[in-house]
>>> print(open('upload_36.txt').read())   # compact mmCIF, C-alpha atoms (C1' of nucleotides)
# COMPACT_ATOMS: atom_id res chain seq x y z
CA MET A 1 80.41 125.33 97.14
CA ASN A 2 79.45 122.46 94.87
CA VAL A 3 77.85 119.39 96.28
CA ARG A 4 80.73 117.60 94.64
CA ASP A 5 83.37 119.63 96.41
CA GLU A 6 81.63 119.25 99.73
CA GLN A 7 81.51 115.53 99.24
CA ARG A 8 85.16 115.45 98.29
CA ALA A 9 86.09 117.05 101.59
CA ARG A 10 83.73 114.90 103.62
CA VAL A 11 84.73 111.65 101.93
CA ILE A 12 88.43 112.33 102.37
CA ALA A 13 87.97 112.98 106.08
CA VAL A 14 86.04 109.75 106.51
CA LEU A 15 88.46 107.73 104.44
CA ALA A 16 91.48 109.04 106.29
CA ASN A 17 90.05 107.55 109.45
CA HIS A 18 89.10 104.40 107.61
CA LEU A 19 92.66 103.93 106.43
CA LEU A 20 93.99 104.59 109.91
CA ALA A 21 91.66 101.98 111.32
CA THR A 22 91.90 99.25 108.70
CA GLY A 23 95.10 99.80 106.76
CA LEU A 24 95.69 99.47 103.07
CA SER A 25 94.36 95.93 102.81
CA GLN A 26 90.76 97.13 102.98
CA ALA A 27 91.29 99.77 100.33
CA SER A 28 89.67 98.56 97.15
CA LEU A 29 87.45 101.07 95.40
CA ARG A 30 84.29 99.33 96.52
CA GLN A 31 85.50 99.02 100.08
CA LEU A 32 86.52 102.65 100.22
CA ALA A 33 83.17 103.69 98.80
CA ALA A 34 81.30 101.60 101.33
CA ALA A 35 83.35 103.06 104.16
CA ALA A 36 82.55 106.55 102.93
CA GLY A 37 78.87 105.74 102.56
CA VAL A 38 78.71 106.33 98.83
CA SER A 39 78.58 104.09 95.78
CA ASP A 40 81.78 103.22 93.99
CA ARG A 41 80.30 104.94 91.02
CA MET A 42 80.05 108.21 92.93
CA LEU A 43 83.50 107.90 94.41
CA LEU A 44 84.81 108.01 90.86
CA TYR A 45 82.60 110.96 90.19
CA TYR A 46 84.10 112.90 93.07
CA PHE A 47 87.67 111.84 92.26
CA ALA A 48 89.47 111.08 89.06
CA ASP A 49 90.56 107.61 90.07
CA LYS A 50 91.52 105.48 93.02
CA THR A 51 95.00 106.94 93.06
CA GLU A 52 93.64 110.41 93.70
CA VAL A 53 91.45 109.17 96.53
CA LEU A 54 94.36 107.51 98.28
CA ALA A 55 96.67 110.42 97.65
CA GLN A 56 94.28 112.93 99.19
CA ALA A 57 93.46 110.74 102.16
CA MET A 58 97.13 110.16 102.88
CA GLN A 59 97.89 113.86 102.52
CA SER A 60 95.13 114.62 104.96
CA LEU A 61 96.52 112.12 107.44
CA ALA A 62 100.05 113.41 107.05
CA GLY A 63 98.88 116.94 107.72
CA GLY A 64 97.04 115.92 110.84
CA MET A 65 99.97 113.95 112.14
CA ALA A 66 102.40 116.78 111.43
CA ALA A 67 100.24 119.16 113.43
CA LYS A 68 100.00 116.75 116.33
CA LEU A 69 103.74 116.17 116.28
CA GLU A 70 104.36 119.90 116.22
CA THR A 71 102.41 120.49 119.41
CA ALA A 72 103.42 117.27 121.12
CA LEU A 73 107.06 118.28 121.13
CA PRO A 74 107.56 122.02 120.55
CA ALA A 75 110.42 123.06 118.33
CA ASP A 76 111.72 125.79 120.60
CA GLN A 77 113.37 123.16 122.76
CA ARG A 78 116.60 121.85 121.24
CA LEU A 79 117.81 118.48 122.45
CA SER A 80 120.78 116.16 122.26
CA GLN A 81 120.51 113.21 119.91
CA ALA A 82 119.95 110.70 122.70
CA ALA A 83 117.33 112.84 124.40
CA LEU A 84 115.37 113.53 121.22
CA THR A 85 115.59 109.88 120.23
CA ALA A 86 114.11 108.79 123.54
CA LYS A 87 111.38 111.41 123.56
CA ALA A 88 110.37 110.83 119.96
CA ALA A 89 110.39 107.07 120.45
CA ARG A 90 108.05 107.39 123.41
CA LEU A 91 105.88 109.60 121.23
CA VAL A 92 105.51 107.36 118.20
CA VAL A 93 104.59 104.31 120.25
CA ASP A 94 101.83 106.30 121.92
CA PRO A 95 98.32 105.04 121.12
CA VAL A 96 97.63 108.34 119.41
CA PHE A 97 100.40 107.86 116.85
CA ARG A 98 100.64 104.14 116.58
CA PRO A 99 97.84 103.65 114.03
CA PHE A 100 99.55 106.17 111.83
CA MET A 101 102.88 104.39 112.16
CA ARG A 102 101.24 101.13 111.19
CA LEU A 103 99.78 102.72 108.10
CA TRP A 104 103.12 104.39 107.47
CA VAL A 105 104.80 101.01 107.21
CA GLU A 106 102.24 99.80 104.71
CA ALA A 107 102.60 102.97 102.69
CA ILE A 108 106.37 102.61 102.52
CA ALA A 109 106.05 98.99 101.45
CA ALA A 110 103.67 100.08 98.70
CA ALA A 111 106.15 102.75 97.73
CA ALA A 112 108.91 100.15 97.66
CA ARG A 113 107.06 98.26 94.96
CA GLY A 114 106.41 101.43 93.03
CA GLU A 115 102.68 101.54 93.62
CA PRO A 116 101.26 104.98 92.87
CA PRO A 117 100.64 107.26 94.62
CA PHE A 118 102.69 105.92 97.49
CA ALA A 119 106.12 106.33 95.96
CA GLU A 120 105.73 110.09 95.92
CA ILE A 121 103.79 110.36 99.17
CA ALA A 122 106.30 108.32 101.14
CA ARG A 123 109.07 110.66 100.08
CA GLN A 124 107.04 113.73 101.04
CA ILE A 125 106.11 112.45 104.47
CA GLY A 126 109.60 111.14 105.10
CA GLU A 127 111.02 114.53 104.21
CA GLY A 128 108.61 116.13 106.63
CA PHE A 129 109.73 113.82 109.39
CA LEU A 130 113.37 114.68 108.76
CA VAL A 131 112.68 118.39 108.93
CA TRP A 132 110.74 117.91 112.15
CA ILE A 133 113.62 115.98 113.69
CA GLU A 134 116.36 118.31 112.57
CA ALA A 135 114.48 121.31 113.95
CA ARG A 136 114.65 119.72 117.40
CA LEU A 137 118.32 118.80 117.40
CA ASP A 138 120.59 121.22 119.24
CA PRO A 139 123.30 122.31 116.75
CA ALA A 140 125.68 122.88 119.64
CA LYS A 141 125.44 119.31 120.84
CA VAL A 142 124.93 117.56 117.49
CA PRO A 143 127.61 118.25 114.89
CA ASP A 144 126.17 116.08 112.10
CA ARG A 145 122.52 117.01 112.20
CA PRO A 146 121.48 115.43 108.87
CA GLY A 147 123.15 112.18 109.83
CA ALA A 148 121.63 112.22 113.28
CA ALA A 149 118.19 113.02 111.89
CA ALA A 150 118.39 110.18 109.38
CA THR A 151 119.46 107.83 112.17
CA ILE A 152 116.59 108.89 114.39
CA LEU A 153 114.05 108.56 111.59
CA ALA A 154 115.32 105.07 110.82
CA LEU A 155 114.94 104.09 114.43
CA LEU A 156 111.43 105.53 114.75
CA ASP A 157 110.26 103.79 111.59
CA GLY A 158 111.98 100.64 112.75
CA LEU A 159 109.96 100.67 115.95
CA ALA A 160 106.83 100.32 113.84
CA LEU A 161 108.34 97.33 112.05
CA LEU A 162 109.45 95.87 115.34
CA GLU A 163 105.91 95.87 116.59
CA VAL A 164 104.82 93.68 113.70
CA CYS A 165 107.67 91.18 113.82
CA GLY A 166 108.45 91.19 117.50
CA GLY A 167 105.31 92.26 119.27
CA GLU A 168 104.44 94.90 121.77
CA ALA A 169 106.89 93.66 124.41
CA ARG A 170 109.92 94.20 122.19
CA VAL A 171 108.84 97.70 121.37
CA GLN A 172 108.48 98.59 125.01
CA SER A 173 111.85 97.13 125.88
CA ALA A 174 113.47 99.11 123.09
CA VAL A 175 111.85 102.37 124.18
CA THR A 176 112.81 101.72 127.78
CA ALA A 177 116.40 101.07 126.75
CA LEU A 178 116.46 104.29 124.75
CA GLU A 179 115.21 106.27 127.72
CA ALA A 180 117.80 104.68 129.97
CA ALA A 181 120.54 105.53 127.47
CA SER A 182 119.43 109.15 127.24
CA LEU A 183 119.91 109.57 130.99
CA GLY A 184 123.33 107.95 131.27
CA MET B 185 113.44 60.95 94.85
CA ASN B 186 110.17 61.80 93.15
CA VAL B 187 110.10 64.07 90.19
CA ARG B 188 107.67 66.06 92.27
CA ASP B 189 110.05 66.45 95.18
CA GLU B 190 112.92 67.38 92.93
CA GLN B 191 110.77 70.02 91.33
CA ARG B 192 109.70 71.33 94.70
CA ALA B 193 113.32 71.91 95.66
CA ARG B 194 114.28 73.39 92.31
CA VAL B 195 111.24 75.66 92.09
CA ILE B 196 111.75 77.01 95.61
CA ALA B 197 115.36 77.88 94.85
CA VAL B 198 114.38 79.71 91.69
CA LEU B 199 111.47 81.50 93.32
CA ALA B 200 113.56 82.63 96.27
CA ASN B 201 115.78 84.50 93.84
CA HIS B 202 112.76 85.75 91.95
CA LEU B 203 111.30 87.23 95.12
CA LEU B 204 114.63 88.80 95.98
CA ALA B 205 114.82 90.38 92.57
CA THR B 206 111.24 91.50 92.06
CA GLY B 207 109.59 91.69 95.49
CA LEU B 208 106.13 90.65 96.45
CA SER B 209 104.37 92.69 93.80
CA GLN B 210 105.26 90.17 91.10
CA ALA B 211 104.07 87.24 93.13
CA SER B 212 100.76 86.10 91.72
CA LEU B 213 100.46 82.38 91.10
CA ARG B 214 100.81 82.78 87.37
CA GLN B 215 103.79 85.10 87.73
CA LEU B 216 105.53 82.78 90.14
CA ALA B 217 104.89 79.83 87.85
CA ALA B 218 106.28 81.71 84.87
CA ALA B 219 109.35 82.71 86.83
CA ALA B 220 109.90 79.09 87.83
CA GLY B 221 109.41 77.89 84.27
CA VAL B 222 106.36 75.77 85.01
CA SER B 223 102.64 76.14 84.44
CA ASP B 224 100.48 77.52 87.21
CA ARG B 225 98.70 74.21 87.15
CA MET B 226 101.91 72.38 87.99
CA LEU B 227 102.91 74.84 90.68
CA LEU B 228 99.74 73.83 92.49
CA TYR B 229 100.61 70.21 91.88
CA TYR B 230 103.98 70.62 93.55
CA PHE B 231 102.59 72.72 96.40
CA ALA B 232 99.31 72.74 98.23
CA ASP B 233 98.57 76.39 97.54
CA LYS B 234 100.16 79.76 97.00
CA THR B 235 100.68 80.22 100.71
CA GLU B 236 102.91 77.16 100.87
CA VAL B 237 104.97 78.35 97.92
CA LEU B 238 105.61 81.72 99.52
CA ALA B 239 106.26 80.23 102.92
CA GLN B 240 108.89 77.84 101.60
CA ALA B 241 110.57 80.45 99.44
CA MET B 242 110.75 82.88 102.34
CA GLN B 243 112.09 80.18 104.65
CA SER B 244 114.75 79.38 102.11
CA LEU B 245 115.75 83.02 101.87
CA ALA B 246 115.78 83.45 105.63
CA GLY B 247 118.05 80.45 105.99
CA GLY B 248 120.47 81.73 103.40
CA MET B 249 120.55 85.18 104.95
CA ALA B 250 121.09 83.77 108.43
CA ALA B 251 124.05 81.77 107.20
CA LYS B 252 125.55 84.79 105.48
CA LEU B 253 125.04 86.93 108.57
CA GLU B 254 126.65 84.26 110.73
CA THR B 255 129.85 84.29 108.73
CA ALA B 256 129.87 87.99 107.96
CA LEU B 257 130.14 88.86 111.63
CA PRO B 258 131.29 85.91 113.76
CA ALA B 259 129.62 85.46 117.11
CA ASP B 260 132.83 84.88 119.07
CA GLN B 261 133.47 88.60 119.07
CA ARG B 262 131.34 90.46 121.63
CA LEU B 263 130.83 94.16 121.07
CA SER B 264 129.43 97.24 122.74
CA GLN B 265 126.02 98.42 121.61
CA ALA B 266 127.39 101.32 119.59
CA ALA B 267 130.02 99.18 117.90
CA LEU B 268 127.60 96.39 116.98
CA THR B 269 125.06 98.92 115.76
CA ALA B 270 127.58 100.51 113.44
CA LYS B 271 128.94 97.22 112.12
CA ALA B 272 125.53 95.69 111.59
CA ALA B 273 124.25 98.84 109.91
CA ARG B 274 127.15 98.77 107.47
CA LEU B 275 126.34 95.14 106.86
CA VAL B 276 122.65 95.41 106.06
CA VAL B 277 123.14 98.26 103.60
CA ASP B 278 125.66 96.15 101.73
CA PRO B 279 124.57 95.21 98.19
CA VAL B 280 124.57 91.57 99.28
CA PHE B 281 121.95 92.13 101.96
CA ARG B 282 120.00 95.02 100.63
CA PRO B 283 117.66 93.05 98.33
CA PHE B 284 116.77 90.92 101.29
CA MET B 285 116.08 93.96 103.44
CA ARG B 286 113.81 95.36 100.76
CA LEU B 287 111.86 92.12 100.64
CA TRP B 288 111.89 92.07 104.43
CA VAL B 289 110.03 95.38 104.52
CA GLU B 290 107.39 94.07 102.15
CA ALA B 291 107.02 90.90 104.17
CA ILE B 292 106.51 92.83 107.38
CA ALA B 293 103.92 95.04 105.74
CA ALA B 294 102.10 91.93 104.53
CA ALA B 295 102.33 90.55 108.05
CA ALA B 296 100.93 93.80 109.40
CA ARG B 297 97.77 93.28 107.40
CA GLY B 298 97.55 89.68 108.50
CA GLU B 299 98.32 88.14 105.13
CA PRO B 300 99.30 84.50 105.49
CA PRO B 301 101.94 83.18 105.58
CA PHE B 302 103.75 86.40 106.37
CA ALA B 303 102.40 86.98 109.84
CA GLU B 304 104.11 83.87 111.10
CA ILE B 305 107.21 84.17 108.95
CA ALA B 306 107.90 87.74 110.00
CA ARG B 307 107.87 86.71 113.63
CA GLN B 308 110.23 83.82 112.98
CA ILE B 309 112.73 85.86 111.03
CA GLY B 310 112.52 88.74 113.48
CA GLU B 311 113.21 86.36 116.33
CA GLY B 312 116.22 85.03 114.47
CA PHE B 313 117.56 88.54 114.03
CA LEU B 314 117.17 89.26 117.72
CA VAL B 315 119.06 86.10 118.67
CA TRP B 316 121.80 86.98 116.23
CA ILE B 317 122.13 90.46 117.69
CA GLU B 318 122.05 89.42 121.32
CA ALA B 319 124.74 86.80 120.71
CA ARG B 320 127.07 89.59 119.60
CA LEU B 321 126.46 91.99 122.47
CA ASP B 322 129.06 91.91 125.24
CA PRO B 323 127.20 91.21 128.50
CA ALA B 324 129.90 93.09 130.40
CA LYS B 325 129.33 96.28 128.45
CA VAL B 326 125.61 95.97 127.81
CA PRO B 327 123.49 95.56 130.91
CA ASP B 328 120.09 95.40 129.17
CA ARG B 329 120.79 93.06 126.30
CA PRO B 330 117.17 92.40 125.24
CA GLY B 331 116.45 96.11 125.20
CA ALA B 332 119.63 96.86 123.29
CA ALA B 333 118.93 94.08 120.80
CA ALA B 334 115.40 95.31 120.17
CA THR B 335 116.75 98.83 119.66
CA ILE B 336 119.36 97.65 117.20
CA LEU B 337 116.85 95.56 115.26
CA ALA B 338 114.51 98.52 115.02
CA LEU B 339 117.30 100.67 113.67
CA LEU B 340 118.44 98.09 111.11
CA ASP B 341 114.91 97.54 109.84
CA GLY B 342 114.40 101.27 109.83
CA LEU B 343 117.37 101.72 107.52
CA ALA B 344 115.50 99.66 104.94
CA LEU B 345 112.47 101.91 105.29
CA LEU B 346 114.67 104.98 105.12
CA GLU B 347 115.97 103.89 101.76
CA VAL B 348 112.46 103.88 100.35
CA CYS B 349 111.27 107.18 101.78
CA GLY B 350 114.53 109.10 101.89
CA GLY B 351 116.73 107.59 99.24
CA GLU B 352 120.22 106.18 99.20
CA ALA B 353 121.86 109.39 100.41
CA ARG B 354 119.96 109.43 103.68
CA VAL B 355 120.89 105.84 104.36
CA GLN B 356 124.56 106.54 103.83
CA SER B 357 124.47 109.58 106.05
CA ALA B 358 122.81 107.56 108.80
CA VAL B 359 125.36 104.76 108.57
CA THR B 360 128.21 107.24 108.57
CA ALA B 361 126.79 108.95 111.65
CA LEU B 362 126.47 105.60 113.41
CA GLU B 363 130.09 104.76 112.65
CA ALA B 364 131.23 108.14 113.92
CA ALA B 365 129.24 107.66 117.11
CA SER B 366 130.74 104.23 117.72
CA LEU B 367 134.23 105.73 117.70
CA GLY B 368 133.53 108.63 120.05
C1' DA C 369 96.96 42.21 79.42
C1' DA C 370 94.69 44.83 83.01
C1' DC C 371 95.25 48.20 86.29
C1' DC C 372 96.97 51.96 88.85
C1' DT C 373 99.70 55.84 90.28
C1' DC C 374 102.41 59.71 88.66
C1' DA C 375 103.08 63.78 85.90
C1' DT C 376 101.25 66.98 82.96
C1' DG C 377 98.05 69.71 79.76
C1' DT C 378 93.54 72.17 78.63
C1' DA C 379 90.01 74.67 80.00
C1' DG C 380 87.46 77.18 82.86
C1' DC C 381 84.94 78.78 87.23
C1' DG C 382 83.54 82.25 90.45
C1' DA C 383 85.20 86.24 92.73
C1' DT C 384 87.30 90.73 92.75
C1' DT C 385 89.72 94.42 90.60
C1' DG C 386 89.56 99.44 88.56
C1' DC C 387 86.80 101.69 85.64
C1' DT C 388 83.01 103.10 82.10
C1' DA C 389 78.77 103.55 79.14
C1' DC C 390 74.31 104.99 79.42
C1' DA C 391 70.10 106.68 81.39
C1' DT C 392 67.54 109.79 84.36
C1' DG C 393 65.70 113.18 87.47
C1' DA C 394 66.66 117.94 89.44
C1' DC C 395 67.63 122.36 88.98
C1' DT C 396 69.26 126.54 86.53
C1' DA C 397 70.31 130.00 82.81
C1' DG C 398 68.60 131.97 78.64
C1' DC D 399 59.60 127.02 78.24
C1' DT D 400 63.71 125.04 76.75
C1' DA D 401 68.50 123.67 76.92
C1' DG D 402 71.94 122.27 79.41
C1' DT D 403 74.77 121.23 83.44
C1' DC D 404 74.87 118.66 87.79
C1' DA D 405 74.23 114.60 90.58
C1' DT D 406 73.18 110.00 90.83
C1' DG D 407 71.70 105.06 89.71
C1' DT D 408 72.03 100.61 86.97
C1' DA D 409 74.60 97.63 84.62
C1' DG D 410 78.43 95.77 82.99
C1' DC D 411 83.24 95.10 80.83
C1' DA D 412 87.91 93.27 80.52
C1' DA D 413 91.55 91.79 83.31
C1' DT D 414 93.38 89.30 87.00
C1' DC D 415 93.03 86.51 91.04
C1' DG D 416 93.53 81.65 93.39
C1' DC D 417 92.09 77.37 92.38
C1' DT D 418 89.84 73.04 90.25
C1' DA D 419 87.60 69.54 87.17
C1' DC D 420 88.74 66.58 83.71
C1' DA D 421 91.51 64.21 80.34
C1' DT D 422 95.69 61.88 78.84
C1' DG D 423 99.83 59.47 78.29
C1' DA D 424 103.82 57.12 80.44
C1' DG D 425 105.56 53.67 83.21
C1' DG D 426 105.43 50.30 86.77
C1' DT D 427 102.79 46.19 89.23
C1' DT D 428 100.18 42.10 89.31
>>> encode(input="upload_36.txt", output="C-alpha cells")
Amino acid sequence: MNVRDEQRARVIAVLANHLLATGLSQASLRQLAAAAGVSDRMLLYYFADKTEVLAQAMQSLAGGMAAKLETALPADQRLSQAALTAKAARLVVDPVFRPFMRLWVEAIAAAARGEPPFAEIARQIGEGFLVWIEARLDPAKVPDRPGAAATILALLDGLALLEVCGGEARVQSAVTALEAASLG
Amino acid sequence: MNVRDEQRARVIAVLANHLLATGLSQASLRQLAAAAGVSDRMLLYYFADKTEVLAQAMQSLAGGMAAKLETALPADQRLSQAALTAKAARLVVDPVFRPFMRLWVEAIAAAARGEPPFAEIARQIGEGFLVWIEARLDPAKVPDRPGAAATILALLDGLALLEVCGGEARVQSAVTALEAASLG
DNA sequence: AACCTCATGTAGCGATTGCTACATGACTAG
DNA sequence: CTAGTCATGTAGCAATCGCTACATGAGGTT
C-alpha cells in the first residue's frame, strides 16, 4: 500500500472523530489538517479537495453509526410504532449517539443551503435511517410503514434540534413522554 | 424620527424577507447590504455590527410567524396530543410556513455551533413554540403537557429536517400518517 | 459667520478561506 | 548511473470576511 493511501485511511479516521467532537464550525482546511497532524498542503495531496475530505469523513461516520445502530436494536424484533419510537428515541439521546446527532443537524443545515458534499450525503444517511426504521416496524401492527418510518425519523431528528433550542431537560421530558405513551 | 431610525426599520423588514428567501448562506455583510439596497458601510452605520442586524431580522421574523401561528390555530380550542400534532404538522408544511421552517433549521444549526446571535435566538423562539403548543393541549386529555409539548415540537422541527434529507414526498407521507393516527 | 451633528462615500486593513506553483530530497526502475 | 515517480516543504495568490479610518457635504444652532 502507498504511503498516500495509508495516510488517507488514517487521516479520515482521525478527522471523523474530530468532526464528531467539534462539529462543522472547526472544519476549515487548515483546521482539519492540524487536527489530522499534517500540513494543509499534504491534506490536499492526499485528497482532491476539501469536499472529498468531508465526504469521506462523513461516510466513515455514517458507516460506524449504522453498525452501532444495527447491533443496538436488532432487526429480528419487529415492534409497534409507539414501541419503536420510544426505544429509538432513548437510543439517539444516548451519550454514544448524541455527538453524531449533533453533527447530523449541522450536516442537514449545510445540505439545506446546498453546500457540497452535504446535499448528497444527507440524503444517503437519511435513506439509511429510513431503511433501518422500516426494518423494525411490525407489518402486522403498522399498516402504513413508509409513513410511520418518516414520522419516526422526523421525531428522532427533531430531538436533536430540541436539544439545541430547548436544552437537555426538554429532551428528557420528551423521551419520557414517548416511553409513557408506548406503554399505555 | 431620524433618518437612521427609519432606515433601521426599513432595512430590517427587507432583510427579514431576504433571509426567508435565501437562508443564512447569503448573509455576509456585503450581501445583506446589497439586498437591503444600501452600502455595507451604511449597514454598519445603522447597526452596531452584523450580529445586531441578524438578531433584529430574526426577531422580526419570529414575531411575524408567532402572529400567523396564533391566528392559524386559535388557542381557545384545546386538543388531544394526536389531534394537535396532526393539525400543527399540516400547518408547518404549508407553503406559508415552510420558508420559515427552513430558516429555522439553519438558525438552530448555527446555534449548535455557538454562533452569535443564534444561540440566544434559537432558545427564545423554541420557548415561544413550546408555549404555543402547550396552550393548545387539553389538560383533561393530556396529563403530561410539558412532555407532550416537547414531543410535538421535536416532531415539527424534525419535519423540516426530513424535507432536506428525504424530500417532499417523505414529508407528505409523514403528515398523512399523523392525520390518520389522529383519527383512529 | 462659525460650528457641530448627521448622513454618506471612498478606500482599505488584517485575517481567513480554498487552493496552487515551485522546489527538493528519497527511493526505484531501466 | 540516470531518469523519473513519490512524498513533502515553503511560499503565496486571489477572493471574501467583518470592520474601520478618514473625508465631505448638508442642514441646523448659536
>>> interface_residues(input="upload_36.txt", of="chain C", to="chain B", cutoff="12 Å", atoms="only C-alpha atoms (C1' of nucleotides)", output="PyMOL selection string")
chain C and resi 374-379
>>> write_last_selection(input="upload_36.txt", atoms="C-alpha atoms (C1' of nucleotides)", output="compact mmCIF listing (two decimals), in the coordinates of the input")
# COMPACT_ATOMS: atom_id res chain seq x y z
C1' DC C 374 102.41 59.71 88.66
C1' DA C 375 103.08 63.78 85.90
C1' DT C 376 101.25 66.98 82.96
C1' DG C 377 98.05 69.71 79.76
C1' DT C 378 93.54 72.17 78.63
C1' DA C 379 90.01 74.67 80.00
>>> atom_distance(input="upload_36.txt", atom1="atom C1' of DA409 of chain D", atom2="atom CA of Asp40 of chain A")
13.1 Å
>>> atom_distance(input="upload_36.txt", atom1="atom CA of Pro74 of chain A", atom2="atom CA of Leu19 of chain A")
27.4 Å
>>> atom_distance(input="upload_36.txt", atom1="atom CA of Asp157 of chain A", atom2="atom CA of Leu69 of chain A")
14.8 Å
>>> residues_around(input="upload_36.txt", residues="Glu163 of chain A", least_positions_apart="3", cutoff="10 Å", atoms="all atoms listed in the file", output="compact mmCIF listing (two decimals) with C-alpha atoms, keeping the file's coordinate frame")
# COMPACT_ATOMS: atom_id res chain seq x y z
CA VAL A 93 104.59 104.31 120.25
CA ARG A 98 100.64 104.14 116.58
CA ARG A 102 101.24 101.13 111.19
CA GLY A 158 111.98 100.64 112.75
CA LEU A 159 109.96 100.67 115.95
CA ALA A 160 106.83 100.32 113.84
CA GLY A 166 108.45 91.19 117.50
CA GLY A 167 105.31 92.26 119.27
CA GLU A 168 104.44 94.90 121.77
CA ALA A 169 106.89 93.66 124.41
CA ARG A 170 109.92 94.20 122.19
CA VAL A 171 108.84 97.70 121.37
CA GLN A 172 108.48 98.59 125.01
CA ILE B 292 106.51 92.83 107.38
CA ALA B 296 100.93 93.80 109.40
CA ARG B 307 107.87 86.71 113.63
CA ALA B 338 114.51 98.52 115.02
>>> closest_residue(input="upload_36.txt", among="A:Ala62, A:Leu24, A:Ala75, A:Ile12", to="Ala107 of chain A", atoms="all atoms listed in the file")
A:Leu24
>>> interface_residues(input="upload_36.txt", of="chain B", to="chain A", cutoff="7 Å", atoms="all atoms listed in the file", output="VMD selection string")
chain B and resid 209 289 to 290 292 to 293 295 to 297 306 to 307 310 to 311 331 to 332 334 to 335 338 to 339 341 to 343 345 to 346 348 to 350 354 357 to 358 361
>>> closest_atom_pairs(input="upload_36.txt", of="chain D", to="chain A", cutoff="12 Å", atoms="only C-alpha atoms (C1' of nucleotides)", output="JSON lines")
{"residue": "D:DC404", "atom": "C1'", "partner": "A:Val3", "partner_atom": "CA", "distance": 9.0}
{"residue": "D:DA405", "atom": "C1'", "partner": "A:Arg4", "partner_atom": "CA", "distance": 8.2}
{"residue": "D:DT406", "atom": "C1'", "partner": "A:Met42", "partner_atom": "CA", "distance": 7.4}
{"residue": "D:DG407", "atom": "C1'", "partner": "A:Arg41", "partner_atom": "CA", "distance": 8.7}
{"residue": "D:DT408", "atom": "C1'", "partner": "A:Arg41", "partner_atom": "CA", "distance": 10.2}
{"residue": "D:DA409", "atom": "C1'", "partner": "A:Arg41", "partner_atom": "CA", "distance": 11.3}
>>> closest_residue(input="upload_36.txt", among="C:DC387, C:DC372, C:DC381, C:DC395", to="Leu44 of chain A", atoms="all atoms listed in the file")
C:DC387
>>> build_atoms(input="upload_36.txt", residues="segment 69-82 of chain A", atoms="N, CA and C atoms", output="PDB file, keeping the file's coordinate frame")
ATOM      1  N   LEU A  69     102.337 116.270 115.891  1.00  0.00           N
ATOM      2  CA  LEU A  69     103.740 116.170 116.280  1.00  0.00           C
ATOM      3  C   LEU A  69     104.285 117.541 116.683  1.00  0.00           C
ATOM      4  N   GLU A  70     103.854 118.546 115.952  1.00  0.00           N
ATOM      5  CA  GLU A  70     104.360 119.900 116.220  1.00  0.00           C
ATOM      6  C   GLU A  70     104.034 120.323 117.643  1.00  0.00           C
ATOM      7  N   THR A  71     102.808 120.067 118.062  1.00  0.00           N
ATOM      8  CA  THR A  71     102.410 120.490 119.410  1.00  0.00           C
ATOM      9  C   THR A  71     102.894 119.510 120.479  1.00  0.00           C
ATOM     10  N   ALA A  72     103.031 118.257 120.116  1.00  0.00           N
ATOM     11  CA  ALA A  72     103.420 117.270 121.120  1.00  0.00           C
ATOM     12  C   ALA A  72     104.842 117.495 121.614  1.00  0.00           C
ATOM     13  N   LEU A  73     105.673 118.042 120.730  1.00  0.00           N
ATOM     14  CA  LEU A  73     107.060 118.280 121.130  1.00  0.00           C
ATOM     15  C   LEU A  73     107.512 119.580 120.458  1.00  0.00           C
ATOM     16  N   PRO A  74     107.306 120.702 121.141  1.00  0.00           N
ATOM     17  CA  PRO A  74     107.560 122.020 120.550  1.00  0.00           C
ATOM     18  C   PRO A  74     108.991 122.171 120.050  1.00  0.00           C
ATOM     19  N   ALA A  75     109.122 122.949 118.988  1.00  0.00           N
ATOM     20  CA  ALA A  75     110.420 123.060 118.330  1.00  0.00           C
ATOM     21  C   ALA A  75     111.357 124.033 119.018  1.00  0.00           C
ATOM     22  N   ASP A  76     110.841 124.792 119.977  1.00  0.00           N
ATOM     23  CA  ASP A  76     111.720 125.790 120.600  1.00  0.00           C
ATOM     24  C   ASP A  76     112.704 125.140 121.568  1.00  0.00           C
ATOM     25  N   GLN A  77     112.486 123.859 121.843  1.00  0.00           N
ATOM     26  CA  GLN A  77     113.370 123.160 122.760  1.00  0.00           C
ATOM     27  C   GLN A  77     114.335 122.275 121.971  1.00  0.00           C
ATOM     28  N   ARG A  78     115.625 122.625 121.995  1.00  0.00           N
ATOM     29  CA  ARG A  78     116.600 121.850 121.240  1.00  0.00           C
ATOM     30  C   ARG A  78     117.263 120.806 122.134  1.00  0.00           C
ATOM     31  N   LEU A  79     117.346 119.592 121.614  1.00  0.00           N
ATOM     32  CA  LEU A  79     117.810 118.480 122.450  1.00  0.00           C
ATOM     33  C   LEU A  79     119.054 117.820 121.876  1.00  0.00           C
ATOM     34  N   SER A  80     119.694 117.027 122.734  1.00  0.00           N
ATOM     35  CA  SER A  80     120.780 116.160 122.260  1.00  0.00           C
ATOM     36  C   SER A  80     120.166 115.016 121.470  1.00  0.00           C
ATOM     37  N   GLN A  81     121.019 114.311 120.721  1.00  0.00           N
ATOM     38  CA  GLN A  81     120.510 113.210 119.910  1.00  0.00           C
ATOM     39  C   GLN A  81     119.835 112.142 120.768  1.00  0.00           C
ATOM     40  N   ALA A  82     120.498 111.759 121.849  1.00  0.00           N
ATOM     41  CA  ALA A  82     119.950 110.700 122.700  1.00  0.00           C
ATOM     42  C   ALA A  82     118.623 111.128 123.307  1.00  0.00           C
TER      43      ALA A  82
END
